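Here is the file query06.txt (compact mmCIF, C-alpha atoms).
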# COMPACT_ATOMS: atom_id res chain seq x y z
CA MET U 1 -28.77 2.55 -38.97
CA ASP U 2 -26.55 4.52 -36.67
CA GLU U 3 -22.94 4.82 -37.70
CA VAL U 4 -20.43 2.45 -36.09
CA LYS U 5 -16.75 3.33 -35.56
CA LEU U 6 -14.04 1.24 -33.97
CA LEU U 7 -10.87 2.75 -32.56
CA GLY U 8 -8.33 -0.05 -32.45
CA MET U 9 -4.73 -1.16 -32.74
CA TRP U 10 -3.56 -3.72 -35.28
CA LEU U 11 -1.72 -5.95 -32.80
CA SER U 12 -4.09 -5.80 -29.84
CA PRO U 13 -6.09 -8.94 -29.01
CA TYR U 14 -8.71 -6.72 -27.34
CA SER U 15 -9.12 -4.79 -30.58
CA TYR U 16 -9.53 -8.06 -32.50
CA ARG U 17 -12.22 -9.29 -30.13
CA VAL U 18 -14.43 -6.42 -31.27
CA ILE U 19 -13.51 -6.82 -34.96
CA TRP U 20 -14.34 -10.53 -34.88
CA ALA U 21 -17.67 -9.88 -33.16
CA LEU U 22 -18.57 -7.14 -35.67
CA LYS U 23 -17.70 -9.45 -38.58
CA GLN U 24 -19.66 -12.37 -37.08
CA LYS U 25 -22.72 -10.16 -36.78
CA GLY U 26 -22.26 -8.61 -40.22
CA ILE U 27 -22.09 -5.04 -38.91
CA ALA U 28 -20.57 -2.41 -41.19
CA TYR U 29 -18.13 -0.16 -39.40
CA GLU U 30 -15.37 2.36 -39.93
CA TYR U 31 -12.03 1.31 -38.45
CA ARG U 32 -9.51 3.83 -37.16
CA GLU U 33 -6.00 2.73 -36.24
CA GLU U 34 -4.70 4.42 -33.10
CA ASP U 35 -1.08 5.17 -32.30
CA LEU U 36 -0.99 4.44 -28.57
CA SER U 37 2.03 6.70 -28.07
CA ASN U 38 0.12 9.56 -29.70
CA GLN U 39 -3.59 9.11 -29.06
CA SER U 40 -6.06 10.92 -31.30
CA PRO U 41 -8.34 13.66 -29.92
CA LEU U 42 -11.27 11.36 -30.69
CA LEU U 43 -9.81 8.57 -28.52
CA LEU U 44 -9.04 10.93 -25.65
CA GLN U 45 -12.53 12.36 -25.84
CA SER U 46 -14.18 8.92 -26.14
CA ASN U 47 -12.20 7.21 -23.39
CA PRO U 48 -11.02 9.95 -21.03
CA VAL U 49 -10.83 7.53 -18.09
CA HIS U 50 -8.44 4.93 -19.53
CA LYS U 51 -7.29 6.51 -22.83
CA LYS U 52 -7.14 3.00 -24.30
CA ILE U 53 -8.47 1.01 -27.22
CA PRO U 54 -10.72 -0.61 -28.21
CA VAL U 55 -13.51 1.95 -28.21
CA LEU U 56 -16.73 1.32 -30.10
CA ILE U 57 -18.59 4.48 -31.07
CA HIS U 58 -22.22 3.79 -31.94
CA GLY U 59 -24.32 6.72 -33.15
CA GLY U 60 -21.75 9.02 -31.59
CA LYS U 61 -21.86 7.31 -28.17
CA PRO U 62 -18.62 5.65 -27.01
CA ILE U 63 -18.39 2.28 -25.26
CA CYS U 64 -15.06 1.22 -23.73
CA GLU U 65 -13.59 -2.05 -22.41
CA SER U 66 -13.74 -5.03 -24.78
CA SER U 67 -15.90 -7.23 -22.52
CA VAL U 68 -18.40 -4.38 -22.04
CA ILE U 69 -18.41 -3.70 -25.80
CA LEU U 70 -19.11 -7.35 -26.61
CA GLU U 71 -22.01 -7.56 -24.16
CA TYR U 72 -23.45 -4.35 -25.64
CA MET U 73 -23.13 -5.70 -29.19
CA GLU U 74 -24.80 -8.94 -28.20
CA GLU U 75 -27.84 -6.99 -26.99
CA ILE U 76 -28.05 -4.47 -29.81
CA TRP U 77 -27.34 -6.93 -32.63
CA PRO U 78 -28.64 -10.32 -31.48
CA GLN U 79 -28.09 -12.06 -34.83
CA ASN U 80 -25.39 -14.76 -34.89
CA SER U 81 -25.56 -14.88 -31.16
CA LEU U 82 -22.25 -15.06 -29.26
CA LEU U 83 -23.74 -15.99 -25.90
CA SER U 84 -26.21 -18.68 -24.94
CA SER U 85 -29.69 -17.55 -23.92
CA ASP U 86 -29.52 -19.80 -20.84
CA PRO U 87 -28.43 -17.80 -17.74
CA TYR U 88 -26.23 -20.62 -16.41
CA GLU U 89 -24.43 -21.13 -19.73
CA ARG U 90 -23.94 -17.36 -19.91
CA ALA U 91 -22.44 -17.38 -16.40
CA ILE U 92 -19.98 -20.12 -17.40
CA ALA U 93 -19.01 -18.19 -20.53
CA ARG U 94 -18.52 -14.98 -18.53
CA PHE U 95 -16.36 -16.88 -16.04
CA TRP U 96 -14.01 -18.01 -18.84
CA ILE U 97 -13.94 -14.55 -20.38
CA LYS U 98 -12.84 -13.12 -17.01
CA PHE U 99 -10.24 -15.89 -16.76
CA ALA U 100 -8.93 -14.92 -20.21
CA ASP U 101 -8.79 -11.26 -19.14
CA ASP U 102 -6.91 -12.17 -15.95
CA LYS U 103 -4.34 -14.36 -17.67
CA ILE U 104 -3.78 -12.87 -21.10
CA CYS U 105 -1.75 -9.71 -21.06
CA GLY U 106 0.57 -7.90 -23.39
CA THR U 107 4.17 -8.93 -22.98
CA LYS U 108 7.25 -6.79 -23.13
CA GLY U 109 10.88 -7.79 -22.95
CA GLU U 110 11.79 -9.50 -19.68
CA GLU U 111 8.17 -10.16 -18.81
CA GLN U 112 7.88 -12.35 -21.87
CA ASN U 113 9.23 -15.54 -20.29
CA LYS U 114 6.92 -15.17 -17.33
CA ALA U 115 3.99 -14.52 -19.64
CA ILE U 116 4.84 -17.58 -21.72
CA GLU U 117 4.93 -19.72 -18.59
CA GLU U 118 1.59 -18.36 -17.45
CA SER U 119 0.10 -18.91 -20.89
CA LEU U 120 1.14 -22.55 -20.75
CA GLU U 121 -0.49 -22.97 -17.34
CA MET U 122 -3.60 -21.33 -18.68
CA LEU U 123 -3.69 -23.61 -21.70
CA LYS U 124 -3.64 -26.61 -19.40
CA THR U 125 -6.63 -25.30 -17.43
CA ILE U 126 -8.52 -24.45 -20.59
CA GLU U 127 -7.87 -27.85 -22.12
CA GLU U 128 -9.16 -29.68 -19.07
CA ASP U 129 -11.95 -27.49 -17.80
CA ALA U 130 -13.32 -25.26 -20.53
CA LEU U 131 -12.88 -26.92 -23.90
CA GLY U 132 -13.17 -30.63 -23.22
CA ASP U 133 -14.09 -32.44 -26.43
CA LYS U 134 -16.03 -29.58 -27.98
CA LYS U 135 -15.18 -28.14 -31.38
CA PHE U 136 -15.21 -24.59 -30.02
CA PHE U 137 -15.75 -23.19 -26.53
CA GLY U 138 -19.20 -22.26 -27.82
CA GLY U 139 -19.91 -25.80 -29.09
CA ASP U 140 -20.34 -26.13 -32.86
CA ASN U 141 -20.04 -22.39 -33.48
CA ILE U 142 -17.69 -19.82 -32.04
CA SER U 143 -18.90 -17.83 -29.06
CA MET U 144 -17.73 -14.90 -26.97
CA VAL U 145 -15.40 -17.29 -25.11
CA ASP U 146 -13.59 -18.35 -28.31
CA ILE U 147 -13.27 -14.68 -29.21
CA ALA U 148 -11.91 -13.86 -25.73
CA PHE U 149 -9.25 -16.56 -26.10
CA GLY U 150 -8.69 -15.62 -29.73
CA GLY U 151 -5.52 -13.70 -28.93
CA LEU U 152 -3.99 -17.04 -27.98
CA ALA U 153 -4.54 -18.24 -31.53
CA TYR U 154 -2.20 -15.75 -33.13
CA TRP U 155 0.01 -14.76 -30.20
CA PRO U 156 2.24 -17.87 -30.39
CA GLY U 157 2.98 -16.95 -34.02
CA ILE U 158 4.19 -13.56 -32.86
CA VAL U 159 6.23 -15.00 -29.99
CA GLU U 160 7.83 -17.48 -32.37
CA LYS U 161 8.71 -14.72 -34.80
CA VAL U 162 10.16 -12.40 -32.18
CA VAL U 163 11.71 -14.83 -29.73
CA GLY U 164 12.04 -18.06 -31.67
CA THR U 165 10.24 -20.40 -29.27
CA ASN U 166 7.33 -22.59 -30.28
CA LEU U 167 4.75 -21.83 -27.62
CA LEU U 168 2.18 -24.44 -28.50
CA GLU U 169 3.89 -27.80 -28.76
CA PRO U 170 1.32 -30.15 -30.30
CA HIS U 171 2.08 -33.15 -28.15
CA ARG U 172 1.69 -31.12 -24.96
CA PHE U 173 -1.54 -29.31 -25.67
CA GLY U 174 -3.34 -31.32 -28.30
CA ARG U 175 -6.83 -29.94 -27.84
CA PRO U 176 -6.00 -26.21 -27.59
CA GLN U 177 -3.70 -26.65 -30.60
CA ALA U 178 -6.57 -28.22 -32.54
CA TRP U 179 -8.91 -25.44 -31.37
CA THR U 180 -6.39 -22.83 -32.55
CA LYS U 181 -6.37 -24.33 -36.05
CA ARG U 182 -10.17 -24.55 -36.25
CA PHE U 183 -10.58 -21.02 -34.87
CA MET U 184 -8.22 -19.51 -37.42
CA GLU U 185 -10.05 -21.32 -40.23
CA VAL U 186 -13.36 -19.60 -39.46
CA PRO U 187 -13.70 -17.16 -42.40
CA GLU U 188 -14.47 -14.03 -40.32
CA ILE U 189 -11.39 -14.79 -38.21
CA LYS U 190 -9.08 -15.91 -41.02
CA GLU U 191 -9.66 -12.67 -42.91
CA ASN U 192 -9.06 -10.59 -39.79
CA LEU U 193 -5.75 -11.54 -38.24
CA PRO U 194 -2.68 -9.36 -37.78
CA ASP U 195 -0.25 -9.51 -40.68
CA LEU U 196 2.76 -11.18 -39.07
CA ARG U 197 4.98 -9.88 -41.86
CA ARG U 198 4.60 -6.45 -40.29
CA ILE U 199 6.44 -7.73 -37.22
CA VAL U 200 10.17 -7.23 -37.31
CA LYS U 201 12.22 -9.84 -35.45
CA LYS U 202 13.96 -8.15 -32.53
CA GLU U 203 17.72 -8.23 -32.61
CA ASN U 204 19.09 -9.54 -29.30
CA MET W 1 -37.94 -23.96 -6.92
CA ALA W 2 -34.37 -25.13 -7.05
CA ASP W 3 -32.36 -24.43 -3.90
CA VAL W 4 -29.78 -21.68 -3.66
CA LYS W 5 -26.59 -21.92 -1.62
CA LEU W 6 -23.84 -19.38 -1.09
CA HIS W 7 -20.32 -20.31 -0.03
CA GLY W 8 -18.87 -17.17 1.48
CA PHE W 9 -16.51 -15.67 4.02
CA TRP W 10 -17.67 -13.32 6.78
CA ALA W 11 -15.02 -10.64 6.10
CA SER W 12 -15.11 -10.63 2.31
CA PRO W 13 -16.63 -7.69 0.41
CA PHE W 14 -17.04 -9.99 -2.59
CA SER W 15 -19.14 -12.35 -0.50
CA TYR W 16 -21.32 -9.42 0.60
CA ARG W 17 -21.93 -8.30 -2.98
CA VAL W 18 -23.78 -11.56 -3.53
CA ILE W 19 -25.60 -11.43 -0.19
CA TRP W 20 -26.89 -7.92 -0.92
CA ALA W 21 -28.10 -8.86 -4.41
CA LEU W 22 -29.88 -11.98 -3.15
CA LYS W 23 -31.54 -10.03 -0.33
CA ILE W 24 -32.70 -7.23 -2.65
CA LYS W 25 -34.24 -9.81 -4.96
CA GLY W 26 -35.86 -11.62 -2.04
CA VAL W 27 -34.16 -14.93 -2.88
CA ASP W 28 -34.01 -17.51 -0.10
CA TYR W 29 -30.62 -19.09 0.25
CA GLU W 30 -28.51 -21.21 2.55
CA TYR W 31 -25.26 -19.57 3.62
CA ILE W 32 -22.16 -21.70 4.13
CA GLU W 33 -19.24 -20.06 5.91
CA GLU W 34 -15.88 -21.17 4.50
CA ASP W 35 -12.67 -21.29 6.51
CA LEU W 36 -10.19 -19.90 3.98
CA SER W 37 -7.28 -21.63 5.72
CA ASN W 38 -9.12 -24.95 5.42
CA LYS W 39 -11.38 -24.86 2.39
CA SER W 40 -14.18 -27.39 2.14
CA GLU W 41 -14.13 -30.24 -0.38
CA LEU W 42 -17.27 -28.77 -1.88
CA LEU W 43 -15.67 -25.37 -2.48
CA LEU W 44 -12.65 -26.95 -4.16
CA LYS W 45 -15.00 -29.03 -6.31
CA TYR W 46 -17.18 -26.02 -7.21
CA ASN W 47 -14.33 -23.62 -7.99
CA PRO W 48 -11.34 -25.73 -9.05
CA VAL W 49 -9.83 -22.92 -11.13
CA TYR W 50 -9.53 -20.22 -8.45
CA LYS W 51 -10.53 -22.11 -5.26
CA LYS W 52 -12.10 -18.89 -3.95
CA ILE W 53 -15.34 -17.63 -2.50
CA PRO W 54 -17.96 -16.48 -3.22
CA VAL W 55 -19.52 -19.38 -5.06
CA LEU W 56 -23.25 -19.45 -5.72
CA VAL W 57 -24.77 -22.89 -6.18
CA HIS W 58 -28.19 -22.93 -7.83
CA GLY W 59 -29.93 -26.27 -8.21
CA GLY W 60 -26.55 -27.94 -7.68
CA LYS W 61 -24.82 -25.90 -10.41
CA PRO W 62 -21.94 -23.69 -9.22
CA ILE W 63 -21.07 -20.16 -10.39
CA ALA W 64 -17.84 -18.46 -9.30
CA GLU W 65 -16.57 -14.84 -9.49
CA SER W 66 -18.70 -12.24 -7.73
CA LEU W 67 -19.36 -10.07 -10.79
CA VAL W 68 -20.37 -13.11 -12.87
CA ILE W 69 -22.66 -14.18 -10.02
CA LEU W 70 -24.25 -10.70 -9.91
CA GLU W 71 -25.07 -10.84 -13.64
CA TYR W 72 -26.51 -14.33 -13.16
CA ILE W 73 -28.69 -13.20 -10.25
CA GLU W 74 -29.92 -10.22 -12.31
CA GLU W 75 -30.91 -12.48 -15.21
CA THR W 76 -32.40 -15.31 -13.17
CA TRP W 77 -34.48 -13.13 -10.80
CA PRO W 78 -35.47 -10.07 -12.85
CA GLY W 79 -37.71 -8.49 -10.16
CA ASN W 80 -36.21 -5.34 -8.52
CA PRO W 81 -33.86 -4.82 -11.48
CA LEU W 82 -30.27 -3.92 -10.62
CA LEU W 83 -29.12 -2.88 -14.09
CA PRO W 84 -30.60 -0.28 -16.49
CA SER W 85 -32.77 -1.71 -19.24
CA ASP W 86 -31.35 0.61 -21.90
CA PRO W 87 -28.38 -1.16 -23.56
CA TYR W 88 -26.17 1.95 -23.59
CA GLU W 89 -26.89 2.78 -19.94
CA LYS W 90 -26.26 -0.88 -19.10
CA ALA W 91 -22.89 -0.69 -20.90
CA MET W 92 -22.01 2.42 -18.86
CA ALA W 93 -22.93 0.58 -15.63
CA ARG W 94 -20.73 -2.35 -16.61
CA PHE W 95 -17.91 0.03 -17.54
CA TRP W 96 -17.91 1.49 -14.03
CA ILE W 97 -18.05 -1.97 -12.47
CA GLN W 98 -14.98 -2.92 -14.56
CA PHE W 99 -13.27 0.32 -13.45
CA ALA W 100 -13.17 -1.14 -9.95
CA VAL W 101 -11.44 -4.25 -11.33
CA ALA W 102 -8.91 -2.16 -13.26
CA LYS W 103 -8.07 -0.05 -10.20
CA ALA W 104 -7.91 -2.88 -7.64
CA SER W 105 -4.09 -2.77 -7.73
CA VAL W 106 -4.13 0.93 -6.77
CA TYR W 107 -6.33 0.08 -3.77
CA ARG W 108 -4.03 -2.74 -2.79
CA ALA W 109 -0.95 -0.52 -3.04
CA PHE W 110 -2.57 1.90 -0.61
CA PHE W 111 -3.66 -0.91 1.69
CA VAL W 112 -0.12 -2.23 2.13
CA SER W 113 1.69 1.12 2.11
CA THR W 114 3.67 1.68 5.28
CA GLY W 115 5.04 5.21 5.32
CA GLY W 116 7.05 7.99 3.79
CA GLU W 117 7.11 8.73 0.08
CA ASP W 118 5.65 5.37 -0.96
CA GLN W 119 2.60 5.86 1.18
CA GLU W 120 2.12 9.45 0.02
CA LYS W 121 2.24 8.34 -3.61
CA ALA W 122 -0.15 5.44 -2.94
CA ARG W 123 -2.55 7.81 -1.20
CA LYS W 124 -2.45 10.31 -4.06
CA ASP W 125 -2.96 7.61 -6.69
CA TRP W 126 -5.93 6.22 -4.81
CA LEU W 127 -7.40 9.69 -4.26
CA GLU W 128 -7.22 10.26 -8.02
CA VAL W 129 -9.20 7.07 -8.64
CA LEU W 130 -11.85 8.15 -6.16
CA LYS W 131 -12.07 11.60 -7.75
CA ILE W 132 -12.77 10.05 -11.16
CA LEU W 133 -15.42 7.86 -9.60
CA GLU W 134 -17.05 10.81 -7.86
CA ASP W 135 -16.93 13.12 -10.88
CA GLN W 136 -17.76 10.84 -13.75
CA ALA W 137 -19.57 7.82 -12.35
CA LEU W 138 -21.57 9.33 -9.49
CA GLY W 139 -21.92 13.00 -10.49
CA ASP W 140 -24.86 14.59 -8.70
CA LYS W 141 -26.82 11.37 -8.28
CA LYS W 142 -27.73 9.99 -4.88
CA PHE W 143 -26.52 6.53 -5.87
CA PHE W 144 -24.57 5.21 -8.88
CA GLY W 145 -27.90 3.63 -9.84
CA GLY W 146 -29.82 6.92 -9.54
CA ASP W 147 -32.51 7.12 -6.84
CA THR W 148 -31.97 3.52 -5.75
CA ILE W 149 -28.88 1.33 -5.56
CA ASN W 150 -27.93 -0.98 -8.42
CA LEU W 151 -25.10 -3.37 -9.27
CA VAL W 152 -22.62 -0.49 -9.50
CA ASP W 153 -23.36 0.59 -5.92
CA ILE W 154 -23.17 -3.03 -4.81
CA SER W 155 -19.79 -3.44 -6.53
CA TYR W 156 -18.44 -0.35 -4.72
CA GLY W 157 -19.76 -1.45 -1.35
CA VAL W 158 -16.13 -2.13 -0.46
CA LEU W 159 -15.61 1.66 -0.33
CA ALA W 160 -18.49 2.31 1.99
CA TYR W 161 -17.51 -0.14 4.68
CA TRP W 162 -14.22 -1.96 4.15
CA PHE W 163 -12.32 1.12 3.04
CA LYS W 164 -13.51 3.17 6.00
CA ASN W 165 -12.13 0.47 8.28
CA THR W 166 -8.92 0.34 6.26
CA GLU W 167 -8.41 4.08 6.79
CA GLU W 168 -8.66 3.48 10.52
CA VAL W 169 -6.12 0.62 10.41
CA ILE W 170 -3.60 2.61 8.36
CA GLY W 171 -4.29 5.87 10.18
CA ILE W 172 -4.81 7.94 7.03
CA LYS W 173 -8.08 9.38 5.76
CA VAL W 174 -8.67 9.70 2.04
CA LEU W 175 -12.44 9.52 1.61
CA GLU W 176 -13.46 12.68 3.47
CA PRO W 177 -16.21 15.28 2.95
CA THR W 178 -13.56 17.98 2.39
CA THR W 179 -11.85 16.15 -0.47
CA LEU W 180 -14.70 14.02 -1.82
CA PRO W 181 -18.00 15.57 -0.73
CA ARG W 182 -20.34 13.69 -3.07
CA LEU W 183 -18.69 10.30 -2.64
CA SER W 184 -18.68 10.81 1.16
CA GLN W 185 -22.41 11.52 0.99
CA TRP W 186 -22.85 8.38 -1.11
CA VAL W 187 -21.15 6.36 1.65
CA GLN W 188 -23.65 7.75 4.18
CA ASN W 189 -26.62 7.06 1.91
CA PHE W 190 -25.43 3.59 0.97
CA MET W 191 -24.91 2.49 4.57
CA GLN W 192 -28.46 3.62 5.40
CA VAL W 193 -30.12 1.42 2.78
CA PRO W 194 -31.94 -1.23 4.89
CA VAL W 195 -30.56 -4.26 3.02
CA ILE W 196 -27.01 -2.95 3.47
CA LYS W 197 -27.46 -1.75 7.05
CA GLU W 198 -28.78 -5.15 8.11
CA ASN W 199 -26.06 -7.09 6.28
CA ILE W 200 -22.56 -5.95 7.14
CA PRO W 201 -19.84 -7.63 9.22
CA ASP W 202 -19.25 -6.66 12.83
CA SER W 203 -17.02 -3.56 12.95
CA HIS W 204 -14.74 -4.67 15.80
CA LYS W 205 -14.16 -8.06 14.23
CA MET W 206 -13.49 -6.41 10.86
CA LEU W 207 -10.92 -3.94 12.24
CA ALA W 208 -9.05 -6.71 14.02
CA TYR W 209 -9.17 -8.89 10.92
CA LEU W 210 -7.94 -6.14 8.58
CA ARG W 211 -5.03 -5.41 10.92
CA ILE W 212 -3.94 -9.06 10.81
CA VAL W 213 -4.35 -9.36 7.03
CA ARG W 214 -2.39 -6.16 6.42
CA GLU W 215 0.44 -7.27 8.71
CA LYS W 216 0.66 -10.62 6.93
CA ILE W 217 0.84 -9.06 3.46
CA ILE W 218 3.40 -6.44 4.53
CA VAL W 219 5.65 -9.07 6.15
CA ALA W 220 5.33 -11.33 3.08
CA GLU W 221 6.22 -8.49 0.72
CA GLN W 222 9.25 -7.54 2.81
CA HIS W 223 10.50 -11.11 2.57
CA ASN W 224 10.10 -10.98 -1.20
CA LYS W 225 12.22 -7.85 -1.56

If you convert what's in this file into structure tokens, what do you get?
Amino acid sequence: MDEVKLLGMWLSPYSYRVIWALKQKGIAYEYREEDLSNQSPLLLQSNPVHKKIPVLIHGGKPICESSVILEYMEEIWPQNSLLSSDPYERAIARFWIKFADDKICGTKGEEQNKAIEESLEMLKTIEEDALGDKKFFGGDNISMVDIAFGGLAYWPGIVEKVVGTNLLEPHRFGRPQAWTKRFMEVPEIKENLPDLRRIVKKEN
Amino acid sequence: MADVKLHGFWASPFSYRVIWALKIKGVDYEYIEEDLSNKSELLLKYNPVYKKIPVLVHGGKPIAESLVILEYIEETWPGNPLLPSDPYEKAMARFWIQFAVAKASVYRAFFVSTGGEDQEKARKDWLEVLKILEDQALGDKKFFGGDTINLVDISYGVLAYWFKNTEEVIGIKVLEPTTLPRLSQWVQNFMQVPVIKENIPDSHKMLAYLRIVREKIIVAEQHNK
């Protein structure tokens, strides 16, 4: 089988999307950690347009943008499918993945409060419209939508560590909170989460 | 066969993406014009999250977001394919479609720029985006899709028609044969494709509309400063 490489960053939710999908599908790959302030020649050559991670390199050919990578993986390695085969269900999933992309963004400093507020709004929408009473967004098993929202699962832990606020108050967002727990219990996810001990609490 | 409806807006490039795809695939549909200042109950029911057009409704089931709709159309009506069959080529097509999404803010900055240094910077930034598109996405091909148009061309339809009108409203040309020869040629070729030629908004109406929209945004942004 052609060699698979992933250029990623240990804190990036987009990087984790690809890792989780690779693990779900049982694909062996070589991981390379990128320093985004000092990108490797391989990254610059593989993603000259955006110079960003994640980049999946399959048999020497680079694919960029996490949503594009996941769609590619779903076609090439159809086992443990992450998207329904029904075109309408796929459209709904893709809608929520775009929603996740629109709303989830990295936060820095002053933007953090705004991002937290937006995350809370998003959680409300997800709870009502996307998740409902299902175990996962994908039903009984995780799907590309769960993976797209996966950053939400560990991000509150980071926010809490750095800022001290509890983002997901259980009584406010019962179902997303429950989804977060279930998601992080899935073995391929549990074993592939950022080590929060590596995060140093910022001094104010 | 289940019925197909499209909720759209006459001036929206996103609306036209869906129209072009449906026409190329020969899909019969009912078009419903939405008044964006007074959205229909149906639209709000079909797209509660964003409350925007276009929305495609197939057999009563709604799909929102133009790029999601395009993928749905491609999968549901596979005749006259609009994406490569090779998974890697398909990934490259999707990458370039997403490039448009990533650079939308650069387009917007140019659209609302009003003069002086800000406008010059916005123009340069936008020109850079177009150069990348011309060099790396289009290359020496007639269309992004090769000999015939595909979803990438359809996604960039905004350049061929809406942007040309925008240049006229702002009074600055960016997409010219001298600076972007291949992309300029693509614009010519794209506008000649029968499905496109027969399905574009009226130019006079569009110019007037763009002027109003631009004014509104500029005034709003000045109030926010």

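In this comparison, which uses only C-alpha atoms, the residue of W:Asp28, W:Pro13, W:Leu6, W:Phe95 approaching U:Leu70 most closely is W:Phe95.
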
* Interface, chain U side, toward chain W (7 Å; all atoms listed in the file) as a PyMOL selection string -> chain U and resi 63-65+68+72+75+87+91+94-95

Output file for the residues above (C-alpha atoms, as a short mmCIF file (atom, residue, chain, number, x, y, z; two decimals), in the frame of the given file):
data_model
loop_
_atom_site.label_atom_id
_atom_site.label_comp_id
_atom_site.auth_asym_id
_atom_site.auth_seq_id
_atom_site.Cartn_x
_atom_site.Cartn_y
_atom_site.Cartn_z
CA ILE U 63 -18.39 2.28 -25.26
CA CYS U 64 -15.06 1.22 -23.73
CA GLU U 65 -13.59 -2.05 -22.41
CA VAL U 68 -18.40 -4.38 -22.04
CA TYR U 72 -23.45 -4.35 -25.64
CA GLU U 75 -27.84 -6.99 -26.99
CA PRO U 87 -28.43 -17.80 -17.74
CA ALA U 91 -22.44 -17.38 -16.40
CA ARG U 94 -18.52 -14.98 -18.53
CA PHE U 95 -16.36 -16.88 -16.04
#

* To do: Could you check which of U:Pro48, U:Gly150, U:Gly59, U:Gly138 is closest to U:Asn192, using all atoms listed in the file?
  => U:Gly150

* **Selected residue of minimal separation from W:Glu30 among W:Glu168, W:Asp3, W:Gly116, W:Arg123, counting only C-alpha atoms** =>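 Once distances to W:Glu30 are computed over only C-alpha atoms, the minimum belongs to W:Asp3.
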
* Close residues, W:Phe111 itself excluded, 8 Å, all atoms listed in the file, min 3 positions apart in chain, as a ChimeraX atom specification -> /W:107-108,166,170,214

* Give me the residues within 8 Å of stretch 8-12 of chain W as a ChimeraX atom specification, counting all atoms listed in the file and dropping any in the same chain fewer than 4 places off. => /W:16,31-36,53-55,201,206,209

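Computed from the coordinates, the atom CA of W:Lys205 to atom CA of W:Lys45 distance equals 29.4 Å.
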
* Minimum-distance residue to U:Arg198, chosen among U:Ile158, U:Lys134, U:Met122, U:Glu74 (using all atoms listed in the file) ->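 Among the listed residues, U:Ile158 lies closest to U:Arg198.
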
* Exercise: residues within 10 Å of coordinate (-23.3, 9.3, -4.7), counting all atoms listed in the file, as a list in words ->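 Collected hits near the coordinates: Leu133, Glu134, Asp135, Ala137, Leu138, Gly139, Asp140, Lys141, Lys142, Phe143, Phe144, Gly145, Gly146, Asp147, Ile149, Asp153, Pro181, Arg182, Leu183, Ser184, Gln185, Trp186, Val187, Gln188, Asn189 and Phe190 of chain W.
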
* Asked: Counting only C-alpha atoms, what is within 12 Å of U:Met9, bar same-chain residues fewer than 6 positions away, as a list in words?
  -> Ser15, Tyr16, Arg17, Val18, Ile19, Tyr31, Arg32, Glu33, Glu34, Asp35, Leu36, Ser37, Gln39, Leu43, Lys52, Ile53, Pro54, Val55, Leu193 and Pro194 of chain U

* Can you work out which one of U:Trp155, U:Trp179, U:Glu71, U:Lys190 has the shortest atom-to-atom distance to U:Leu11, counting all atoms listed in the file? => U:Trp155

Working from the structure I just supplied, which lacks atoms in stretch 190-197 of chain W, can you model N, CA, C and O atoms there and output them as a PDB file, keeping the file's coordinate frame?
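Output saved as part09.pdb:
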ATOM      1  N   PHE W 190     -25.524   5.030   1.241  1.00  0.00           N
ATOM      2  CA  PHE W 190     -25.430   3.590   0.970  1.00  0.00           C
ATOM      3  C   PHE W 190     -25.578   2.794   2.263  1.00  0.00           C
ATOM      4  O   PHE W 190     -26.338   1.806   2.316  1.00  0.00           O
ATOM      5  N   MET W 191     -24.885   3.235   3.307  1.00  0.00           N
ATOM      6  CA  MET W 191     -24.910   2.490   4.570  1.00  0.00           C
ATOM      7  C   MET W 191     -26.281   2.563   5.255  1.00  0.00           C
ATOM      8  O   MET W 191     -26.560   1.761   6.139  1.00  0.00           O
ATOM      9  N   GLN W 192     -27.124   3.500   4.824  1.00  0.00           N
ATOM     10  CA  GLN W 192     -28.460   3.620   5.400  1.00  0.00           C
ATOM     11  C   GLN W 192     -29.496   2.758   4.689  1.00  0.00           C
ATOM     12  O   GLN W 192     -30.599   2.560   5.200  1.00  0.00           O
ATOM     13  N   VAL W 193     -29.172   2.274   3.506  1.00  0.00           N
ATOM     14  CA  VAL W 193     -30.120   1.420   2.780  1.00  0.00           C
ATOM     15  C   VAL W 193     -30.368   0.176   3.651  1.00  0.00           C
ATOM     16  O   VAL W 193     -29.405  -0.484   4.056  1.00  0.00           O
ATOM     17  N   PRO W 194     -31.635  -0.140   3.959  1.00  0.00           N
ATOM     18  CA  PRO W 194     -31.940  -1.230   4.890  1.00  0.00           C
ATOM     19  C   PRO W 194     -31.204  -2.541   4.598  1.00  0.00           C
ATOM     20  O   PRO W 194     -30.581  -3.117   5.509  1.00  0.00           O
ATOM     21  N   VAL W 195     -31.213  -2.990   3.361  1.00  0.00           N
ATOM     22  CA  VAL W 195     -30.560  -4.260   3.020  1.00  0.00           C
ATOM     23  C   VAL W 195     -29.071  -4.237   3.367  1.00  0.00           C
ATOM     24  O   VAL W 195     -28.502  -5.229   3.817  1.00  0.00           O
ATOM     25  N   ILE W 196     -28.443  -3.076   3.176  1.00  0.00           N
ATOM     26  CA  ILE W 196     -27.010  -2.950   3.470  1.00  0.00           C
ATOM     27  C   ILE W 196     -26.805  -2.885   4.982  1.00  0.00           C
ATOM     28  O   ILE W 196     -26.012  -3.626   5.559  1.00  0.00           O
ATOM     29  N   LYS W 197     -27.572  -1.972   5.599  1.00  0.00           N
ATOM     30  CA  LYS W 197     -27.460  -1.750   7.050  1.00  0.00           C
ATOM     31  C   LYS W 197     -27.584  -3.053   7.834  1.00  0.00           C
ATOM     32  O   LYS W 197     -26.854  -3.277   8.808  1.00  0.00           O
TER      33      LYS W 197
END
